[in-house]
Amino acid sequence: MDRFNGKVAVVTGATSGIGAATALLLASQGADIAVVGRSETRGREIVKKIEDMGRKALFVNCDVSNLEEVAHMAGEIKSFFGRVDILFNNAGVMLQSMEIERMPVEDWKKTFGINIDGMFYVSRALKPMLVETKGCIINAGSIAGMQHYAAGRSYAYSASKAAVIQFSHQMAKNYGEEGVRVNCICPGIIDTPILGDRDRKIYAQRIPLGYVGQPEDVAKVVSFLASDEASYLTGVVLPIDGGASL
């Protein structure tokens with residue numbers, strides 16, 4: 001499928017889980033990919049797979065919570081590709097949940113630094129290229145950040161993802177006049193490294209569809225939102241959770 005032939009996609013947090021699955025899917029559909037992440041070994045592996053599909057790919061080692069590194073990343077992408085059509089702000093972290101009186105301040109700051117500051121930095125740095133191409137942004141929220149859903153004691157993670165949702169609304173409202181669509185996905189329980197060694201069967205019991213989702217389930221939705229088939233969608237907040245947030 002050549003759904004994205006001639007287009008360039010930037011995927012942050014692209015070296016594992018949802019980010020890696022999305023980078024590979026978009027490449028299989030014709031996109032050239034900027035693979036942004038912090039694991040050089042895994043990043044190079046993803047690049048090799050994309051190049052084997054006949055697409056161009058670039059790995060950029062970048063901590064999205066570091067403004068200087070993000071500026072360098074944007075420069076590398078502009079120099080290598082010359083354009084950006086799709087931005088998937090996927091980089092995120094979920095640290096150990098605990099009561100607020102026990103939570104290290106550093107954990108709170110790190111969570112917000114990556115999950116929302118990083119999204120702001122990357123969007124800010126790449127927006128000029130996205131305006132030029134009338135491109136689109138997909139931000140990774142979570143059902144944990146949705147107003148009607150409260151997840152355990154994940155105070156920092158849930159609050160940061162709620163911020164992602166509202167940040168997405170604001171961008172969609174204001175970037176529409178510049179031709180840039182902005183949507184937000186809210187994955188539920190997905191089988192990624194974030195789950196660690198937790199028992200997937202226990203999580204599956206909480207999901208109406210009866211199973212834990214795979215990264216590819218999310219990647220397919222990102223692909224749709226980035227495509228021309230979704231050309232009249234902006235400001236959407238879409239749970240991808242098998243019904244877990246019901």
# chains A, B, ... in the order shown; residues from 1 in each chain; ligands from 1
>>> residues_around(residues="A:Thr22", least_positions_apart="4", cutoff="12 Å", atoms="only C-alpha atoms", output="number ranges by chain")
A: 9-18, 26-29, 31, 33-35, 46, 50, 86-90, 138, 140, 214-226
>>> select_by_dssp(residues="stretch 31-164 of chain A", states="strand (DSSP E)", output="short mmCIF file (atom, residue, chain, number, x, y, z; two decimals) with all heavy atoms, in the first residue's frame")
data_model
loop_
_atom_site.label_atom_id
_atom_site.label_comp_id
_atom_site.auth_asym_id
_atom_site.auth_seq_id
_atom_site.Cartn_x
_atom_site.Cartn_y
_atom_site.Cartn_z
N ASP A 32 8.61 7.68 4.46
CA ASP A 32 9.97 7.72 4.97
C ASP A 32 9.87 8.11 6.44
O ASP A 32 8.99 8.89 6.82
CB ASP A 32 10.83 8.72 4.19
CG ASP A 32 10.98 8.33 2.73
OD1 ASP A 32 11.03 7.12 2.44
OD2 ASP A 32 11.04 9.24 1.88
N ILE A 33 10.79 7.60 7.27
CA ILE A 33 10.60 7.71 8.71
C ILE A 33 11.82 8.29 9.43
O ILE A 33 12.94 7.84 9.22
CB ILE A 33 10.30 6.32 9.33
CG1 ILE A 33 9.19 5.59 8.59
CG2 ILE A 33 9.97 6.49 10.82
CD1 ILE A 33 7.82 6.18 8.74
N ALA A 34 11.55 9.28 10.29
CA ALA A 34 12.54 9.73 11.26
C ALA A 34 12.26 8.97 12.55
O ALA A 34 11.21 9.16 13.18
CB ALA A 34 12.45 11.22 11.48
N VAL A 35 13.18 8.10 12.93
CA VAL A 35 13.05 7.26 14.11
C VAL A 35 13.72 7.99 15.27
O VAL A 35 14.95 8.10 15.32
CB VAL A 35 13.72 5.88 13.87
CG1 VAL A 35 13.65 5.03 15.13
CG2 VAL A 35 13.06 5.17 12.69
N VAL A 36 12.93 8.49 16.20
CA VAL A 36 13.47 9.29 17.30
C VAL A 36 13.35 8.49 18.60
O VAL A 36 12.28 7.99 18.93
CB VAL A 36 12.70 10.63 17.43
CG1 VAL A 36 13.24 11.45 18.59
CG2 VAL A 36 12.77 11.41 16.13
N GLY A 37 14.46 8.37 19.31
CA GLY A 37 14.44 7.61 20.55
C GLY A 37 15.77 7.70 21.26
O GLY A 37 16.66 8.44 20.83
N ALA A 57 15.21 6.24 5.95
CA ALA A 57 15.02 6.31 7.40
C ALA A 57 16.23 6.96 8.05
O ALA A 57 17.36 6.84 7.55
CB ALA A 57 14.80 4.92 7.98
N LEU A 58 15.98 7.65 9.14
CA LEU A 58 17.03 8.32 9.90
C LEU A 58 16.77 8.08 11.38
O LEU A 58 15.65 8.31 11.86
CB LEU A 58 17.01 9.82 9.61
CG LEU A 58 17.89 10.72 10.49
CD1 LEU A 58 19.37 10.49 10.15
CD2 LEU A 58 17.52 12.19 10.32
N PHE A 59 17.79 7.64 12.11
CA PHE A 59 17.67 7.54 13.56
C PHE A 59 18.27 8.78 14.18
O PHE A 59 19.39 9.20 13.85
CB PHE A 59 18.40 6.31 14.10
CG PHE A 59 18.46 6.30 15.61
CD1 PHE A 59 17.31 6.11 16.36
CD2 PHE A 59 19.66 6.51 16.28
CE1 PHE A 59 17.35 6.13 17.75
CE2 PHE A 59 19.71 6.52 17.66
CZ PHE A 59 18.55 6.33 18.40
N VAL A 60 17.51 9.40 15.10
CA VAL A 60 18.02 10.54 15.85
C VAL A 60 17.92 10.21 17.33
O VAL A 60 16.83 9.97 17.85
CB VAL A 60 17.23 11.83 15.55
CG1 VAL A 60 17.87 13.00 16.29
CG2 VAL A 60 17.17 12.11 14.06
N ASN A 61 19.05 10.18 18.00
CA ASN A 61 19.09 9.93 19.44
C ASN A 61 18.68 11.21 20.15
O ASN A 61 19.40 12.22 20.07
CB ASN A 61 20.49 9.49 19.86
CG ASN A 61 20.52 8.89 21.25
OD1 ASN A 61 19.79 9.32 22.13
ND2 ASN A 61 21.36 7.90 21.45
N ILE A 86 3.94 14.10 8.87
CA ILE A 86 3.25 13.43 9.97
C ILE A 86 4.14 13.47 11.20
O ILE A 86 5.32 13.12 11.13
CB ILE A 86 2.95 11.96 9.62
CG1 ILE A 86 2.10 11.85 8.35
CG2 ILE A 86 2.30 11.24 10.80
CD1 ILE A 86 2.15 10.47 7.71
N LEU A 87 3.58 13.90 12.32
CA LEU A 87 4.29 13.83 13.60
C LEU A 87 3.48 12.98 14.55
O LEU A 87 2.32 13.30 14.84
CB LEU A 87 4.49 15.24 14.18
CG LEU A 87 4.97 15.29 15.64
CD1 LEU A 87 6.30 14.58 15.82
CD2 LEU A 87 5.05 16.74 16.12
N PHE A 88 4.08 11.90 15.01
CA PHE A 88 3.46 11.08 16.05
C PHE A 88 4.23 11.30 17.34
O PHE A 88 5.32 10.77 17.53
CB PHE A 88 3.48 9.61 15.65
CG PHE A 88 2.84 8.67 16.66
CD1 PHE A 88 1.81 9.08 17.48
CD2 PHE A 88 3.29 7.36 16.78
CE1 PHE A 88 1.23 8.23 18.41
CE2 PHE A 88 2.72 6.49 17.69
CZ PHE A 88 1.68 6.93 18.51
N ASN A 89 3.66 12.12 18.21
CA ASN A 89 4.26 12.41 19.52
C ASN A 89 3.96 11.24 20.46
O ASN A 89 2.97 11.26 21.20
CB ASN A 89 3.68 13.70 20.09
CG ASN A 89 4.39 14.95 19.62
OD1 ASN A 89 5.61 15.01 19.58
ND2 ASN A 89 3.62 15.97 19.25
N CYS A 136 -0.06 16.68 9.67
CA CYS A 136 -0.91 16.32 10.80
C CYS A 136 -0.06 15.87 11.98
O CYS A 136 1.08 15.42 11.82
CB CYS A 136 -1.91 15.22 10.41
SG CYS A 136 -1.15 13.63 10.07
N ILE A 137 -0.66 16.00 13.16
CA ILE A 137 -0.03 15.60 14.41
C ILE A 137 -0.96 14.62 15.11
O ILE A 137 -2.16 14.85 15.19
CB ILE A 137 0.23 16.81 15.33
CG1 ILE A 137 1.15 17.83 14.65
CG2 ILE A 137 0.82 16.37 16.67
CD1 ILE A 137 1.28 19.15 15.41
N ILE A 138 -0.39 13.53 15.59
CA ILE A 138 -1.12 12.60 16.45
C ILE A 138 -0.37 12.54 17.77
O ILE A 138 0.82 12.22 17.81
CB ILE A 138 -1.24 11.19 15.84
CG1 ILE A 138 -2.01 11.24 14.51
CG2 ILE A 138 -1.95 10.26 16.80
CD1 ILE A 138 -1.15 11.19 13.29
N ASN A 139 -1.05 12.87 18.85
CA ASN A 139 -0.45 12.86 20.18
C ASN A 139 -0.91 11.61 20.95
O ASN A 139 -2.07 11.23 20.88
CB ASN A 139 -0.84 14.11 20.96
CG ASN A 139 -0.26 15.37 20.37
OD1 ASN A 139 0.85 15.36 19.84
ND2 ASN A 139 -0.99 16.48 20.47
N ALA A 140 0.02 11.03 21.68
CA ALA A 140 -0.30 9.83 22.48
C ALA A 140 -0.71 10.23 23.89
O ALA A 140 0.13 10.61 24.72
CB ALA A 140 0.90 8.89 22.51
#
>>> atom_distance(atom1="atom CA of A:Gly176", atom2="atom CA of A:Thr234")
7.8 Å
>>> select_by_dssp(residues="stretch 74-237 of chain A", states="alpha helix (DSSP H)", output="PyMOL selection string")
chain A and resi 74-80+105-112+118-133+155-175+200-204+215-226
>>> closest_residue(among="A:Gly210, A:Cys184, A:Ala21, A:Ala162", to="A:Lys49", atoms="only C-alpha atoms")
A:Ala21
>>> residues_around(residues="A:Pro187", least_positions_apart="2", cutoff="10 Å", atoms="only C-alpha atoms", output="list in words")
Ile18, Ala140, Gly141, Ser142, Ile143, Ala144, Cys184, Ile185, Ile189, Ile190, Gly213, Pro215, Asp217, Val218, Leu238, Pro239, Ile240, Asp241, Gly242, Ala244 and Ser245 of chain A
>>> write_last_selection(atoms="N, CA, C and O atoms", output="mmCIF file, in the first residue's frame")
data_model
loop_
_atom_site.group_PDB
_atom_site.id
_atom_site.type_symbol
_atom_site.label_atom_id
_atom_site.label_comp_id
_atom_site.auth_asym_id
_atom_site.auth_seq_id
_atom_site.Cartn_x
_atom_site.Cartn_y
_atom_site.Cartn_z
ATOM 1 N N ILE A 18 4.679 0.724 20.932
ATOM 2 C CA ILE A 18 3.777 1.373 19.984
ATOM 3 C C ILE A 18 4.547 2.194 18.957
ATOM 4 O O ILE A 18 4.201 2.203 17.767
ATOM 5 N N ALA A 140 0.018 11.028 21.685
ATOM 6 C CA ALA A 140 -0.296 9.830 22.476
ATOM 7 C C ALA A 140 -0.707 10.229 23.886
ATOM 8 O O ALA A 140 0.125 10.613 24.715
ATOM 9 N N GLY A 141 -2.006 10.163 24.137
ATOM 10 C CA GLY A 141 -2.516 10.327 25.484
ATOM 11 C C GLY A 141 -2.639 8.960 26.126
ATOM 12 O O GLY A 141 -1.822 8.059 25.904
ATOM 13 N N SER A 142 -3.676 8.768 26.892
ATOM 14 C CA SER A 142 -3.945 7.480 27.547
ATOM 15 C C SER A 142 -5.347 7.541 28.123
ATOM 16 O O SER A 142 -5.830 8.625 28.492
ATOM 17 N N ILE A 143 -5.983 6.380 28.242
ATOM 18 C CA ILE A 143 -7.278 6.379 28.921
ATOM 19 C C ILE A 143 -7.118 6.847 30.369
ATOM 20 O O ILE A 143 -8.055 7.339 30.980
ATOM 21 N N ALA A 144 -5.898 6.731 30.917
ATOM 22 C CA ALA A 144 -5.643 7.189 32.285
ATOM 23 C C ALA A 144 -5.813 8.701 32.422
ATOM 24 O O ALA A 144 -5.999 9.203 33.526
ATOM 25 N N CYS A 184 -5.705 13.052 19.039
ATOM 26 C CA CYS A 184 -5.108 12.426 20.220
ATOM 27 C C CYS A 184 -5.638 11.004 20.373
ATOM 28 O O CYS A 184 -6.854 10.792 20.376
ATOM 29 N N ILE A 185 -4.742 10.055 20.470
ATOM 30 C CA ILE A 185 -5.139 8.678 20.751
ATOM 31 C C ILE A 185 -4.966 8.410 22.245
ATOM 32 O O ILE A 185 -4.078 8.968 22.890
ATOM 33 N N ILE A 189 -4.766 -0.744 27.912
ATOM 34 C CA ILE A 189 -3.747 -1.702 28.338
ATOM 35 C C ILE A 189 -3.187 -2.397 27.096
ATOM 36 O O ILE A 189 -3.858 -3.218 26.470
ATOM 37 N N ILE A 190 -1.975 -2.036 26.745
ATOM 38 C CA ILE A 190 -1.324 -2.548 25.540
ATOM 39 C C ILE A 190 -0.072 -3.324 25.948
ATOM 40 O O ILE A 190 0.654 -2.921 26.862
ATOM 41 N N GLY A 213 -4.402 -5.535 24.253
ATOM 42 C CA GLY A 213 -4.076 -5.114 22.900
ATOM 43 C C GLY A 213 -2.587 -5.211 22.590
ATOM 44 O O GLY A 213 -1.739 -5.224 23.487
ATOM 45 N N PRO A 215 0.762 -3.601 20.201
ATOM 46 C CA PRO A 215 1.177 -2.311 19.628
ATOM 47 C C PRO A 215 0.631 -2.081 18.224
ATOM 48 O O PRO A 215 0.298 -0.951 17.857
ATOM 49 N N ASP A 217 -2.218 -2.866 17.107
ATOM 50 C CA ASP A 217 -3.599 -2.391 17.179
ATOM 51 C C ASP A 217 -3.641 -0.868 17.247
ATOM 52 O O ASP A 217 -4.540 -0.225 16.679
ATOM 53 N N VAL A 218 -2.705 -0.295 17.940
ATOM 54 C CA VAL A 218 -2.621 1.160 18.051
ATOM 55 C C VAL A 218 -2.049 1.757 16.770
ATOM 56 O O VAL A 218 -2.533 2.777 16.268
ATOM 57 N N LEU A 238 -9.440 9.652 20.913
ATOM 58 C CA LEU A 238 -9.923 8.327 20.557
ATOM 59 C C LEU A 238 -9.348 7.235 21.460
ATOM 60 O O LEU A 238 -8.160 6.923 21.392
ATOM 61 N N PRO A 239 -10.162 6.632 22.318
ATOM 62 C CA PRO A 239 -9.682 5.501 23.129
ATOM 63 C C PRO A 239 -9.400 4.287 22.233
ATOM 64 O O PRO A 239 -10.184 3.997 21.320
ATOM 65 N N ILE A 240 -8.293 3.616 22.510
ATOM 66 C CA ILE A 240 -7.960 2.354 21.824
ATOM 67 C C ILE A 240 -7.712 1.354 22.941
ATOM 68 O O ILE A 240 -6.577 1.143 23.373
ATOM 69 N N ASP A 241 -8.773 0.755 23.443
ATOM 70 C CA ASP A 241 -8.647 0.071 24.740
ATOM 71 C C ASP A 241 -9.502 -1.172 24.885
ATOM 72 O O ASP A 241 -9.604 -1.727 25.980
ATOM 73 N N GLY A 242 -10.124 -1.642 23.808
ATOM 74 C CA GLY A 242 -10.967 -2.815 23.914
ATOM 75 C C GLY A 242 -12.164 -2.638 24.834
ATOM 76 O O GLY A 242 -12.752 -3.609 25.292
ATOM 77 N N ALA A 244 -11.975 -0.909 27.807
ATOM 78 C CA ALA A 244 -11.558 -0.856 29.213
ATOM 79 C C ALA A 244 -12.009 0.424 29.924
ATOM 80 O O ALA A 244 -12.189 0.414 31.148
ATOM 81 N N SER A 245 -12.197 1.494 29.185
ATOM 82 C CA SER A 245 -12.553 2.764 29.828
ATOM 83 C C SER A 245 -14.063 2.935 29.981
ATOM 84 O O SER A 245 -14.521 3.957 30.491
#
>>> atom_distance(atom1="atom CA of A:Ser39", atom2="atom CA of A:Ser65")
15.2 Å
>>> closest_residue(among="A:Val93, A:Ile202, A:Gly6, A:Arg42", to="A:Arg55", atoms="only C-alpha atoms")
A:Gly6
>>> closest_residue(among="A:Lys161, A:Lys78, A:Ser154, A:His148", to="A:Ile116", atoms="only C-alpha atoms")
A:Lys161
>>> atom_distance(atom1="atom CA of A:Met103", atom2="atom CA of A:Arg153")
10.3 Å
>>> closest_residue(among="A:Gly19, A:Gly188, A:Gly179, A:Gly135", to="A:Asp85", atoms="only C-alpha atoms")
A:Gly135
>>> closest_residue(among="A:Phe167, A:Phe81, A:Trp108, A:Tyr155", to="A:Phe120", atoms="only C-alpha atoms")
A:Phe167
>>> closest_residue(among="A:Val64, A:Ile194, A:Leu130, A:Ala20", to="A:Glu45", atoms="only C-alpha atoms")
A:Ala20
